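Engineer: Please read through the structure below; I'll follow up with questions.
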Amino acid sequence: MLTVGTEWLIEASGCDAAALRDEARLRAVFTRAIRELELRVVGKPAWHKFPGEGGVTGLAMLTESHLACHTYPELSTATFNLYCCRERAPWPWDERLREMLGARDVCVRSVRREAHAPLN
């Protein structure tokens with residue numbers, strides 16, 4: 001098996017609902033992760049703020065793959081997904097999301113993506 005990347009799946013609960021409606025605060029999370037992990041954005045990240053008390057969805061295409069988030073203010077929850085096709089040190093999601101979104105609990109799982117070597 002060949003490793004083709006690592007995917008991090010993050011759930012942050014107990015977040016400040018106002019922060020989860022604030023596109024600028026979520027952009028700041030992306031900016032910090034991208035800068036600290038030395039990732040490279042392709043094009044312009046896409047953001048959508050749902051009306052009223054709704055949350056925010058964001059997606060940044062990266063040369064390494066992608067970074068996405070979805071927030072659920074009514075549940076005080078945010079989910080993030082980072083996929084990198086090259087090795088990266090883990091980012092301190094727990095510390096950052098507690099600081100930046102007021103998260104009470106953060107669960108980070110990582111999945112190694114693999115491919116079979118081609119048969120010759």
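Ordering of the structure tokens sets the chain letters (A, B, ...); residue numbers start at 1 within each chain; ligands are numbered from 1 in the order shown.
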Need the shell around Glu38 (chain A): protein/DNA/RNA residues with any atom at most 10 Å away, counting only C-alpha atoms. Skip same-chain ones fewer than 5 positions apart. Format as a VMD selection string?
Structural biologist: chain A and resid 32 to 33 88
Engineer: Near Lys49 (chain A), within 10 Å and counting only C-alpha atoms, which residues show up once chain neighbours fewer than 5 positions away are dropped, as an MDAnalysis selection string?
Structural biologist: chainID A and resid 20:23 54:58 71
Engineer: Near Met1 (chain A), within 9 Å and counting only C-alpha atoms, which residues show up once chain neighbours fewer than 2 positions away are dropped, as a PyMOL selection string?
Structural biologist: chain A and resi 3+114-117
Engineer: Compare A:Thr31, A:Asp94, A:Glu53, A:Glu87 by their minimum atom-to-atom distance to Ala19 (chain A), counting only C-alpha atoms, and give me the closest one.
Structural biologist: A:Glu53
Engineer: Which value, in Å to one decimal, gives the distance between CA of Asp105 (chain A) and CA of Leu82 (chain A)?
Structural biologist: 18.4 Å
Engineer: Given only C-alpha atoms as the basis, pick out the residue of A:Leu37, A:Leu2, A:Val108, A:Ala17 nearest to Ala89 (chain A).
Structural biologist: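 Among the listed residues, the smallest separation from Ala89 (chain A) belongs to A:Leu37.
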Engineer: List as a ChimeraX atom specification the protein and nucleic acid residues near Val4 (chain A), meaning an atom at most 9 Å away when only C-alpha atoms are counted, but skip any in the same chain fewer than 4 places from it.
Structural biologist: /A:84-86,112-115
Engineer: Next, dump the selected residues to file, keeping only C-alpha atoms, as an mmCIF file, in the first residue's frame.
Structural biologist:
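Contents of the output file out_10.cif:
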```cif
data_model
loop_
_atom_site.group_PDB
_atom_site.id
_atom_site.type_symbol
_atom_site.label_atom_id
_atom_site.label_comp_id
_atom_site.auth_asym_id
_atom_site.auth_seq_id
_atom_site.Cartn_x
_atom_site.Cartn_y
_atom_site.Cartn_z
ATOM 1 C CA CYS A 84 -3.405 16.741 2.535
ATOM 2 C CA CYS A 85 -1.695 14.591 -0.063
ATOM 3 C CA ARG A 86 1.695 15.257 1.526
ATOM 4 C CA ARG A 112 -4.483 7.634 6.219
ATOM 5 C CA ARG A 113 -5.561 7.419 2.581
ATOM 6 C CA GLU A 114 -3.852 4.576 0.741
ATOM 7 C CA ALA A 115 -3.653 3.115 -2.741
#
```
Engineer: Please return as a ChimeraX atom specification: the residues of chain A that backbone DSSP assigns to helix (DSSP H, G or I).
Structural biologist: /A:17-20,23-36,73-75,93-101
Engineer: Would you please work out which residue, of A:Met100, A:Leu39, A:Val29, A:Ala24, is nearest to Cys69 (chain A) when using only C-alpha atoms?
Structural biologist: A:Val29
Engineer: Please compute the CA of Ile34 (chain A)-CA of Leu75 (chain A) distance, one decimal, in Å.
Structural biologist: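 We find that CA of Ile34 (chain A) and CA of Leu75 (chain A) lie 26.2 Å from each other.
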